[in-house]
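Visitor: Coordinates in entry11.cif, mmCIF, N, CA and C atoms, are listed below.
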data_my_file
#
loop_
_atom_site.label_atom_id
_atom_site.label_comp_id
_atom_site.auth_asym_id
_atom_site.auth_seq_id
_atom_site.Cartn_x
_atom_site.Cartn_y
_atom_site.Cartn_z
N MET A 1 -130.29 -79.61 101.89
CA MET A 1 -131.32 -78.61 101.67
C MET A 1 -131.13 -77.94 100.31
N VAL A 2 -129.87 -77.70 99.94
CA VAL A 2 -129.62 -77.08 98.64
C VAL A 2 -130.04 -78.03 97.52
N HIS A 3 -129.79 -79.31 97.70
CA HIS A 3 -130.22 -80.29 96.70
C HIS A 3 -131.75 -80.26 96.56
N LEU A 4 -132.44 -80.23 97.67
CA LEU A 4 -133.90 -80.17 97.64
C LEU A 4 -134.39 -78.85 97.05
N ALA A 5 -133.66 -77.77 97.28
CA ALA A 5 -134.03 -76.46 96.72
C ALA A 5 -133.89 -76.46 95.20
N SER A 6 -133.04 -77.32 94.68
CA SER A 6 -132.82 -77.41 93.23
C SER A 6 -133.90 -78.24 92.54
N ALA A 7 -134.63 -79.00 93.32
CA ALA A 7 -135.62 -79.92 92.75
C ALA A 7 -136.88 -79.19 92.29
N PRO A 8 -137.57 -79.77 91.33
CA PRO A 8 -138.86 -79.19 90.94
C PRO A 8 -139.81 -79.16 92.15
N HIS A 9 -140.68 -78.17 92.19
CA HIS A 9 -141.63 -78.02 93.29
C HIS A 9 -142.42 -79.31 93.50
N GLY A 10 -142.45 -79.79 94.73
CA GLY A 10 -143.22 -80.98 95.06
C GLY A 10 -142.50 -82.29 94.86
N HIS A 11 -141.27 -82.24 94.32
CA HIS A 11 -140.51 -83.48 94.09
C HIS A 11 -140.02 -84.04 95.42
N LYS A 12 -140.25 -85.33 95.63
CA LYS A 12 -139.82 -85.99 96.86
C LYS A 12 -138.59 -86.84 96.58
N TYR A 13 -137.63 -86.76 97.48
CA TYR A 13 -136.42 -87.58 97.37
C TYR A 13 -136.39 -88.60 98.49
N PRO A 14 -136.31 -89.88 98.16
CA PRO A 14 -136.13 -90.90 99.20
C PRO A 14 -134.76 -90.73 99.87
N LEU A 15 -134.68 -91.21 101.09
CA LEU A 15 -133.45 -91.11 101.87
C LEU A 15 -132.25 -91.65 101.11
N ASN A 16 -132.39 -92.81 100.47
CA ASN A 16 -131.25 -93.41 99.79
C ASN A 16 -130.76 -92.53 98.63
N GLU A 17 -131.65 -91.87 97.91
CA GLU A 17 -131.23 -90.98 96.83
C GLU A 17 -130.51 -89.75 97.38
N LEU A 18 -131.02 -89.21 98.48
CA LEU A 18 -130.35 -88.05 99.09
C LEU A 18 -128.97 -88.43 99.61
N ALA A 19 -128.85 -89.63 100.16
CA ALA A 19 -127.56 -90.10 100.66
C ALA A 19 -126.55 -90.19 99.52
N VAL A 20 -126.95 -90.75 98.40
CA VAL A 20 -126.07 -90.85 97.25
C VAL A 20 -125.73 -89.45 96.72
N ALA A 21 -126.73 -88.61 96.60
CA ALA A 21 -126.53 -87.27 96.04
C ALA A 21 -125.60 -86.40 96.90
N THR A 22 -125.66 -86.60 98.21
CA THR A 22 -124.85 -85.77 99.10
C THR A 22 -123.57 -86.43 99.56
N GLY A 23 -123.46 -87.74 99.36
CA GLY A 23 -122.27 -88.44 99.82
C GLY A 23 -122.23 -88.62 101.33
N VAL A 24 -123.40 -88.58 101.96
CA VAL A 24 -123.50 -88.71 103.41
C VAL A 24 -124.14 -90.06 103.73
N GLN A 25 -123.62 -90.74 104.74
CA GLN A 25 -124.17 -92.03 105.13
C GLN A 25 -125.64 -91.90 105.51
N GLU A 26 -126.44 -92.88 105.10
CA GLU A 26 -127.88 -92.83 105.35
C GLU A 26 -128.22 -92.66 106.83
N SER A 27 -127.51 -93.37 107.70
CA SER A 27 -127.84 -93.31 109.13
C SER A 27 -127.64 -91.90 109.69
N PHE A 28 -126.56 -91.24 109.28
CA PHE A 28 -126.29 -89.87 109.73
C PHE A 28 -127.25 -88.89 109.08
N LEU A 29 -127.46 -89.04 107.78
CA LEU A 29 -128.36 -88.15 107.05
C LEU A 29 -129.78 -88.25 107.59
N SER A 30 -130.20 -89.44 107.95
CA SER A 30 -131.54 -89.64 108.50
C SER A 30 -131.75 -88.80 109.75
N LYS A 31 -130.76 -88.74 110.60
CA LYS A 31 -130.86 -87.94 111.82
C LYS A 31 -130.98 -86.45 111.49
N ILE A 32 -130.19 -86.00 110.54
CA ILE A 32 -130.24 -84.59 110.13
C ILE A 32 -131.61 -84.26 109.53
N LEU A 33 -132.08 -85.12 108.64
CA LEU A 33 -133.36 -84.88 108.00
C LEU A 33 -134.50 -84.88 109.01
N GLN A 34 -134.43 -85.76 110.01
CA GLN A 34 -135.48 -85.78 111.03
C GLN A 34 -135.47 -84.49 111.86
N ARG A 35 -134.31 -83.93 112.11
CA ARG A 35 -134.25 -82.63 112.80
C ARG A 35 -134.93 -81.56 111.96
N LEU A 36 -134.67 -81.60 110.67
CA LEU A 36 -135.26 -80.61 109.77
C LEU A 36 -136.78 -80.80 109.66
N VAL A 37 -137.24 -82.03 109.72
CA VAL A 37 -138.68 -82.31 109.73
C VAL A 37 -139.27 -81.77 111.04
N HIS A 38 -138.61 -82.07 112.14
CA HIS A 38 -139.08 -81.61 113.46
C HIS A 38 -139.16 -80.09 113.53
N GLN A 39 -138.24 -79.40 112.86
CA GLN A 39 -138.23 -77.94 112.84
C GLN A 39 -139.22 -77.36 111.82
N GLY A 40 -139.88 -78.22 111.07
CA GLY A 40 -140.88 -77.77 110.11
C GLY A 40 -140.31 -77.32 108.78
N MET A 41 -139.04 -77.60 108.53
CA MET A 41 -138.43 -77.18 107.28
C MET A 41 -138.64 -78.19 106.16
N LEU A 42 -138.79 -79.45 106.53
CA LEU A 42 -139.03 -80.53 105.57
C LEU A 42 -140.31 -81.26 105.93
N VAL A 43 -140.84 -81.94 104.93
CA VAL A 43 -141.95 -82.87 105.13
C VAL A 43 -141.43 -84.24 104.75
N SER A 44 -141.79 -85.22 105.56
CA SER A 44 -141.39 -86.60 105.29
C SER A 44 -142.65 -87.41 105.00
N GLN A 45 -142.63 -88.11 103.88
CA GLN A 45 -143.76 -88.97 103.53
C GLN A 45 -143.25 -90.39 103.39
N ARG A 46 -143.88 -91.31 104.10
CA ARG A 46 -143.47 -92.71 104.08
C ARG A 46 -144.14 -93.46 102.95
N GLY A 47 -143.61 -94.63 102.69
CA GLY A 47 -144.24 -95.54 101.75
C GLY A 47 -143.77 -95.35 100.32
N SER A 48 -144.41 -96.09 99.45
CA SER A 48 -144.07 -96.03 98.03
C SER A 48 -144.32 -94.62 97.51
N GLY A 49 -143.33 -94.09 96.83
CA GLY A 49 -143.44 -92.72 96.32
C GLY A 49 -143.19 -91.66 97.37
N GLY A 50 -142.79 -92.09 98.55
CA GLY A 50 -142.52 -91.16 99.64
C GLY A 50 -141.12 -90.58 99.55
N GLY A 51 -140.78 -89.80 100.53
CA GLY A 51 -139.47 -89.18 100.58
C GLY A 51 -139.53 -87.86 101.33
N PHE A 52 -138.54 -87.04 101.09
CA PHE A 52 -138.43 -85.75 101.77
C PHE A 52 -138.60 -84.64 100.75
N LEU A 53 -139.28 -83.58 101.17
CA LEU A 53 -139.40 -82.39 100.34
C LEU A 53 -139.48 -81.17 101.23
N LEU A 54 -139.17 -80.03 100.64
CA LEU A 54 -139.20 -78.78 101.39
C LEU A 54 -140.62 -78.46 101.81
N ASN A 55 -140.76 -77.90 102.99
CA ASN A 55 -142.06 -77.51 103.51
C ASN A 55 -142.37 -76.04 103.21
N ARG A 56 -141.35 -75.29 102.83
CA ARG A 56 -141.50 -73.88 102.49
C ARG A 56 -140.76 -73.61 101.20
N PRO A 57 -141.14 -72.54 100.51
CA PRO A 57 -140.39 -72.19 99.30
C PRO A 57 -138.92 -71.94 99.65
N PRO A 58 -137.99 -72.43 98.82
CA PRO A 58 -136.56 -72.30 99.13
C PRO A 58 -136.11 -70.84 99.27
N ALA A 59 -136.78 -69.93 98.63
CA ALA A 59 -136.41 -68.51 98.74
C ALA A 59 -136.72 -67.96 100.13
N GLU A 60 -137.53 -68.68 100.89
CA GLU A 60 -137.92 -68.23 102.23
C GLU A 60 -137.14 -68.93 103.35
N VAL A 61 -136.17 -69.75 102.98
CA VAL A 61 -135.39 -70.50 103.98
C VAL A 61 -133.95 -70.01 103.93
N SER A 62 -133.49 -69.41 105.02
CA SER A 62 -132.10 -68.91 105.05
C SER A 62 -131.15 -70.02 105.47
N LEU A 63 -129.90 -69.84 105.10
CA LEU A 63 -128.86 -70.77 105.51
C LEU A 63 -128.75 -70.79 107.04
N LEU A 64 -128.94 -69.64 107.67
CA LEU A 64 -128.90 -69.57 109.13
C LEU A 64 -129.97 -70.47 109.75
N GLU A 65 -131.16 -70.46 109.19
CA GLU A 65 -132.23 -71.32 109.71
C GLU A 65 -131.84 -72.79 109.61
N VAL A 66 -131.24 -73.17 108.50
CA VAL A 66 -130.84 -74.56 108.30
C VAL A 66 -129.76 -74.95 109.31
N VAL A 67 -128.75 -74.11 109.43
CA VAL A 67 -127.65 -74.40 110.37
C VAL A 67 -128.18 -74.51 111.79
N GLU A 68 -129.04 -73.57 112.19
CA GLU A 68 -129.54 -73.59 113.57
C GLU A 68 -130.54 -74.72 113.80
N ALA A 69 -131.25 -75.15 112.76
CA ALA A 69 -132.14 -76.30 112.91
C ALA A 69 -131.36 -77.58 113.16
N ILE A 70 -130.17 -77.65 112.59
CA ILE A 70 -129.33 -78.84 112.74
C ILE A 70 -128.44 -78.75 113.98
N GLU A 71 -127.80 -77.61 114.15
CA GLU A 71 -126.78 -77.46 115.20
C GLU A 71 -127.25 -76.76 116.47
N GLY A 72 -128.39 -76.09 116.40
CA GLY A 72 -128.83 -75.27 117.53
C GLY A 72 -128.37 -73.84 117.30
N PRO A 73 -128.65 -72.96 118.26
CA PRO A 73 -128.31 -71.55 118.09
C PRO A 73 -126.82 -71.33 117.76
N THR A 74 -126.58 -70.44 116.82
CA THR A 74 -125.23 -70.13 116.40
C THR A 74 -124.59 -69.23 117.45
N GLN A 75 -123.50 -69.68 118.01
CA GLN A 75 -122.82 -68.93 119.05
C GLN A 75 -121.32 -69.16 118.92
N LEU A 76 -120.59 -68.13 118.52
CA LEU A 76 -119.15 -68.26 118.31
C LEU A 76 -118.36 -68.48 119.58
N ASN A 77 -118.85 -67.92 120.66
CA ASN A 77 -118.13 -67.98 121.93
C ASN A 77 -119.16 -67.92 123.05
N HIS A 78 -118.82 -68.43 124.23
CA HIS A 78 -119.78 -68.43 125.33
C HIS A 78 -120.14 -67.03 125.82
N CYS A 79 -119.36 -66.03 125.46
CA CYS A 79 -119.66 -64.67 125.94
C CYS A 79 -120.55 -63.88 124.98
N VAL A 80 -120.97 -64.48 123.88
CA VAL A 80 -121.91 -63.83 122.98
C VAL A 80 -123.06 -64.78 122.68
N GLY A 81 -124.14 -64.24 122.19
CA GLY A 81 -125.30 -65.08 121.88
C GLY A 81 -125.97 -65.56 123.14
N GLY A 82 -126.84 -66.52 122.99
CA GLY A 82 -127.55 -67.08 124.14
C GLY A 82 -128.21 -66.00 124.95
N ASP A 83 -127.93 -66.00 126.25
CA ASP A 83 -128.53 -64.98 127.12
C ASP A 83 -127.78 -63.66 127.05
N GLY A 84 -126.64 -63.65 126.36
CA GLY A 84 -125.89 -62.42 126.17
C GLY A 84 -125.23 -61.91 127.44
N HIS A 85 -125.21 -62.72 128.48
CA HIS A 85 -124.63 -62.26 129.74
C HIS A 85 -123.24 -62.84 129.93
N CYS A 86 -122.31 -61.96 130.14
CA CYS A 86 -120.94 -62.36 130.45
C CYS A 86 -120.47 -61.45 131.58
N ALA A 87 -119.97 -62.03 132.64
CA ALA A 87 -119.53 -61.25 133.80
C ALA A 87 -118.39 -60.30 133.44
N ARG A 88 -117.65 -60.58 132.39
CA ARG A 88 -116.51 -59.76 131.99
C ARG A 88 -116.84 -58.75 130.90
N LYS A 89 -118.05 -58.79 130.40
CA LYS A 89 -118.45 -58.00 129.23
C LYS A 89 -118.11 -56.51 129.36
N ASP A 90 -118.32 -55.94 130.53
CA ASP A 90 -118.12 -54.50 130.71
C ASP A 90 -116.66 -54.06 130.61
N TRP A 91 -115.73 -54.95 130.91
CA TRP A 91 -114.32 -54.54 130.90
C TRP A 91 -113.44 -55.35 129.95
N CYS A 92 -113.99 -56.39 129.36
CA CYS A 92 -113.19 -57.26 128.48
C CYS A 92 -112.97 -56.60 127.13
N GLY A 93 -111.71 -56.47 126.75
CA GLY A 93 -111.37 -55.87 125.46
C GLY A 93 -111.68 -56.75 124.26
N VAL A 94 -111.88 -58.03 124.48
CA VAL A 94 -112.15 -58.95 123.39
C VAL A 94 -113.64 -59.01 123.06
N ASN A 95 -114.48 -58.73 124.04
CA ASN A 95 -115.92 -58.87 123.86
C ASN A 95 -116.46 -58.11 122.65
N PRO A 96 -116.08 -56.85 122.41
CA PRO A 96 -116.63 -56.17 121.23
C PRO A 96 -116.28 -56.88 119.91
N THR A 97 -115.13 -57.50 119.85
CA THR A 97 -114.74 -58.23 118.64
C THR A 97 -115.61 -59.48 118.48
N TRP A 98 -115.81 -60.21 119.57
CA TRP A 98 -116.70 -61.37 119.51
C TRP A 98 -118.11 -60.96 119.12
N GLU A 99 -118.59 -59.86 119.68
CA GLU A 99 -119.94 -59.38 119.34
C GLU A 99 -120.04 -59.03 117.86
N SER A 100 -119.02 -58.36 117.33
CA SER A 100 -119.02 -58.00 115.90
C SER A 100 -118.98 -59.24 115.02
N ALA A 101 -118.15 -60.20 115.39
CA ALA A 101 -118.04 -61.44 114.62
C ALA A 101 -119.36 -62.21 114.65
N GLN A 102 -120.00 -62.26 115.81
CA GLN A 102 -121.28 -62.94 115.94
C GLN A 102 -122.34 -62.27 115.06
N LYS A 103 -122.37 -60.97 115.09
CA LYS A 103 -123.34 -60.21 114.29
C LYS A 103 -123.10 -60.43 112.79
N ALA A 104 -121.82 -60.42 112.39
CA ALA A 104 -121.48 -60.62 110.97
C ALA A 104 -121.88 -62.02 110.51
N LEU A 105 -121.60 -63.03 111.32
CA LEU A 105 -121.96 -64.40 110.97
C LEU A 105 -123.47 -64.53 110.81
N THR A 106 -124.20 -63.98 111.75
CA THR A 106 -125.66 -64.04 111.70
C THR A 106 -126.20 -63.31 110.47
N GLN A 107 -125.63 -62.17 110.14
CA GLN A 107 -126.08 -61.42 108.97
C GLN A 107 -125.78 -62.15 107.67
N VAL A 108 -124.59 -62.72 107.56
CA VAL A 108 -124.20 -63.41 106.33
C VAL A 108 -125.06 -64.66 106.13
N LEU A 109 -125.14 -65.51 107.15
CA LEU A 109 -125.91 -66.75 107.02
C LEU A 109 -127.41 -66.48 106.90
N GLY A 110 -127.88 -65.45 107.59
CA GLY A 110 -129.29 -65.10 107.54
C GLY A 110 -129.67 -64.36 106.26
N GLY A 111 -128.69 -63.85 105.57
CA GLY A 111 -128.94 -63.05 104.38
C GLY A 111 -128.93 -63.82 103.07
N VAL A 112 -128.76 -65.11 103.14
CA VAL A 112 -128.74 -65.92 101.91
C VAL A 112 -129.75 -67.06 102.04
N SER A 113 -130.54 -67.25 101.01
CA SER A 113 -131.53 -68.32 101.02
C SER A 113 -130.95 -69.57 100.36
N ILE A 114 -131.58 -70.69 100.64
CA ILE A 114 -131.12 -71.92 100.00
C ILE A 114 -131.44 -71.88 98.51
N ALA A 115 -132.43 -71.09 98.10
CA ALA A 115 -132.69 -70.92 96.66
C ALA A 115 -131.52 -70.20 96.00
N GLN A 116 -131.00 -69.17 96.67
CA GLN A 116 -129.84 -68.46 96.13
C GLN A 116 -128.63 -69.38 96.03
N LEU A 117 -128.45 -70.22 97.03
CA LEU A 117 -127.32 -71.15 97.03
C LEU A 117 -127.47 -72.18 95.92
N ALA A 118 -128.69 -72.65 95.70
CA ALA A 118 -128.93 -73.60 94.61
C ALA A 118 -128.66 -72.94 93.26
N ASP A 119 -129.11 -71.70 93.09
CA ASP A 119 -128.87 -70.98 91.84
C ASP A 119 -127.38 -70.74 91.62
N GLU A 120 -126.69 -70.37 92.69
CA GLU A 120 -125.25 -70.11 92.59
C GLU A 120 -124.49 -71.38 92.23
N THR A 121 -124.90 -72.49 92.79
CA THR A 121 -124.27 -73.76 92.48
C THR A 121 -124.47 -74.10 91.01
N SER A 122 -125.68 -73.94 90.52
CA SER A 122 -125.97 -74.21 89.10
C SER A 122 -125.15 -73.30 88.20
N ARG A 123 -125.06 -72.03 88.57
CA ARG A 123 -124.30 -71.06 87.78
C ARG A 123 -122.83 -71.45 87.72
N ARG A 124 -122.27 -71.84 88.86
CA ARG A 124 -120.85 -72.21 88.90
C ARG A 124 -120.56 -73.44 88.07
N PHE A 125 -121.45 -74.41 88.11
CA PHE A 125 -121.26 -75.60 87.28
C PHE A 125 -121.36 -75.23 85.81
N ALA A 126 -122.29 -74.36 85.46
CA ALA A 126 -122.44 -73.94 84.06
C ALA A 126 -121.19 -73.22 83.57
N GLU A 127 -120.57 -72.42 84.41
CA GLU A 127 -119.34 -71.71 84.05
C GLU A 127 -118.19 -72.67 83.75
N GLN A 128 -118.22 -73.81 84.39
CA GLN A 128 -117.16 -74.79 84.17
C GLN A 128 -117.36 -75.55 82.87
N GLY A 129 -118.49 -75.32 82.22
CA GLY A 129 -118.74 -75.93 80.92
C GLY A 129 -119.12 -77.38 80.94
N SER A 130 -119.46 -77.89 82.11
CA SER A 130 -119.89 -79.27 82.18
C SER A 130 -121.21 -79.33 82.91
N ALA A 131 -121.96 -80.33 82.60
CA ALA A 131 -123.24 -80.54 83.27
C ALA A 131 -123.08 -81.72 84.21
N PRO A 132 -122.82 -81.48 85.48
CA PRO A 132 -122.59 -82.58 86.41
C PRO A 132 -123.89 -83.32 86.70
N SER A 133 -123.72 -84.53 87.16
CA SER A 133 -124.89 -85.29 87.60
C SER A 133 -125.43 -84.64 88.86
N ASP A 134 -126.67 -84.95 89.21
CA ASP A 134 -127.24 -84.43 90.45
C ASP A 134 -126.37 -84.81 91.64
N ALA A 135 -125.83 -86.02 91.63
CA ALA A 135 -125.02 -86.47 92.76
C ALA A 135 -123.76 -85.63 92.89
N THR A 136 -123.12 -85.33 91.78
CA THR A 136 -121.90 -84.53 91.83
C THR A 136 -122.21 -83.11 92.28
N LYS A 137 -123.26 -82.54 91.73
CA LYS A 137 -123.64 -81.16 92.06
C LYS A 137 -123.98 -81.07 93.55
N SER A 138 -124.75 -82.00 94.05
CA SER A 138 -125.17 -81.94 95.45
C SER A 138 -124.01 -82.18 96.39
N ALA A 139 -123.12 -83.08 96.04
CA ALA A 139 -121.98 -83.35 96.91
C ALA A 139 -121.13 -82.11 97.07
N ALA A 140 -121.08 -81.29 96.04
CA ALA A 140 -120.27 -80.09 96.09
C ALA A 140 -120.84 -79.05 97.04
N VAL A 141 -122.12 -79.09 97.32
CA VAL A 141 -122.74 -78.07 98.16
C VAL A 141 -123.19 -78.63 99.51
N SER A 142 -122.94 -79.88 99.77
CA SER A 142 -123.37 -80.47 101.03
C SER A 142 -122.52 -79.99 102.16
#
Show me this structure written as structure tokens.

Guide:
Amino acid sequence: MVHLASAPHGHKYPLNELAVATGVQESFLSKILQRLVHQGMLVSQRGSGGGFLLNRPPAEVSLLEVVEAIEGPTQLNHCVGGDGHCARKDWCGVNPTWESAQKALTQVLGGVSIAQLADETSRRFAEQGSAPSDATKSAAVS
């Protein structure tokens, strides 16, 4: 997603190019991309000139949305998240810590967009004084 966020608006990447850029096997990446298409985050176009592209502006897509589109709801422990019901919640001394950690994770991942991550990646590469290839840059953020 960060690689796609770095692309010019409307640019489509074929599966094989994304696989090379991210260093992820095509078969595995295809499954991930299809989940993202199913969740409405990506558009897939078949045929010559086809490929994958973002369905929304990258500034409007949080890292939390991407993670949850791929992995499902973020839940650090069975006693937090989900239905929020734990039979021990009222007396368990650990529960408040799990709740705080869950809230912090959700805030951090939900508070950063893939556009910000793409910009940060570009900035970090620029600081190193080298201009990496798209494949190198994307592999670093995959």

Visitor: If I take atom N of Ser6 in chain A and atom C of Gly47 in chain A, how far is one from the other in Å, to one decimal?

Guide: 21.7 Å

Visitor: Taking the file as I've supplied it (selection: the PyMOL selection byres (((chain A and resi 10-21 and name CA) around 6) and name CA)), which residues are included? Please answer as a PyMOL selection string.

Guide: chain A and resi 8-9+22-26+51-53+135+138

Visitor: Among the residues of range 17-128 of chain A, find those DSSP assigns to strand (DSSP E or B) from the backbone and print them as a ChimeraX atom specification.

Guide: /A:42-45,51-54,62,113

Visitor: Let's have the selection written as a PDB file, in the coordinates of the input, with N, CA and C atoms.

Guide:
ATOM      1  N   LEU A  42    -138.790 -79.450 106.530  1.00  0.00           N
ATOM      2  CA  LEU A  42    -139.030 -80.530 105.570  1.00  0.00           C
ATOM      3  C   LEU A  42    -140.310 -81.260 105.930  1.00  0.00           C
ATOM      4  N   VAL A  43    -140.840 -81.940 104.930  1.00  0.00           N
ATOM      5  CA  VAL A  43    -141.950 -82.870 105.130  1.00  0.00           C
ATOM      6  C   VAL A  43    -141.430 -84.240 104.750  1.00  0.00           C
ATOM      7  N   SER A  44    -141.790 -85.220 105.560  1.00  0.00           N
ATOM      8  CA  SER A  44    -141.390 -86.600 105.290  1.00  0.00           C
ATOM      9  C   SER A  44    -142.650 -87.410 105.000  1.00  0.00           C
ATOM     10  N   GLN A  45    -142.630 -88.110 103.880  1.00  0.00           N
ATOM     11  CA  GLN A  45    -143.760 -88.970 103.530  1.00  0.00           C
ATOM     12  C   GLN A  45    -143.250 -90.390 103.390  1.00  0.00           C
ATOM     13  N   GLY A  51    -140.780 -89.800 100.530  1.00  0.00           N
ATOM     14  CA  GLY A  51    -139.470 -89.180 100.580  1.00  0.00           C
ATOM     15  C   GLY A  51    -139.530 -87.860 101.330  1.00  0.00           C
ATOM     16  N   PHE A  52    -138.540 -87.040 101.090  1.00  0.00           N
ATOM     17  CA  PHE A  52    -138.430 -85.750 101.770  1.00  0.00           C
ATOM     18  C   PHE A  52    -138.600 -84.640 100.750  1.00  0.00           C
ATOM     19  N   LEU A  53    -139.280 -83.580 101.170  1.00  0.00           N
ATOM     20  CA  LEU A  53    -139.400 -82.390 100.340  1.00  0.00           C
ATOM     21  C   LEU A  53    -139.480 -81.170 101.230  1.00  0.00           C
ATOM     22  N   LEU A  54    -139.170 -80.030 100.640  1.00  0.00           N
ATOM     23  CA  LEU A  54    -139.200 -78.780 101.390  1.00  0.00           C
ATOM     24  C   LEU A  54    -140.620 -78.460 101.810  1.00  0.00           C
ATOM     25  N   SER A  62    -133.490 -69.410 105.020  1.00  0.00           N
ATOM     26  CA  SER A  62    -132.100 -68.910 105.050  1.00  0.00           C
ATOM     27  C   SER A  62    -131.150 -70.020 105.470  1.00  0.00           C
ATOM     28  N   SER A 113    -130.540 -67.250 101.010  1.00  0.00           N
ATOM     29  CA  SER A 113    -131.530 -68.320 101.020  1.00  0.00           C
ATOM     30  C   SER A 113    -130.950 -69.570 100.360  1.00  0.00           C
TER      31      SER A 113
END

Visitor: Run the PyMOL selection byres ((chain A and resi 96-107) around 8) mentally over the shown coordinates, then write out the matched residues as an MDAnalysis selection string, using the chain letters and numbers from the document.

Guide: chainID A and resid 64 74:77 79:81 89 92:95 108:112

Visitor: Any chance you could work out the residue set of the PyMOL selection byres (((chain A and resi 32-38 and name CA) around 12) and name CA) here, as JSON, numbers by chain?

Guide: {"A": [1, 4, 13, 14, 15, 18, 19, 24, 25, 26, 27, 28, 29, 30, 31, 39, 40, 41, 42, 43, 44, 45, 51, 52, 53, 54, 55, 56, 61, 65, 66, 67, 68, 69, 70, 71, 72]}

Visitor: Skip Ile114 in chain A itself and residues of its chain fewer than 2 positions away, then list as a PyMOL selection string all residues within 5 Å of it, counting only N, CA and C atoms.

Guide: chain A and resi 58+61-63+112+116-118

Visitor: Between CA of Glu60 in chain A and CA of Ala115 in chain A, what is the distance, to one decimal in Å?

Guide: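 If I compute the distance from CA of Glu60 in chain A to CA of Ala115 in chain A, I get 8.1 Å.
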
Visitor: Quick check for you: according to DSSP on this backbone, which residues of range 39-103 of chain A are classed as alpha helix (DSSP H)? Reply as a ChimeraX atom specification.

Guide: /A:63-71,95-103

Visitor: Could you work out an axis-aligned bounding box for all listed atoms of range 57-65 of chain A, with 8 Å added on each of the six sides, and give its centre and edge lengths in Å to one decimal, as JSON?

Guide:
{"center_x": -134.9, "center_y": -70.4, "center_z": 104.2, "size_x": 28.4, "size_y": 20.8, "size_z": 27.1}

Visitor: Just how far from atom C of Val2 in chain A is atom N of Phe125 in chain A, in Å to one decimal?

Guide: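 Computing it gives 13.2 Å between the two atoms.
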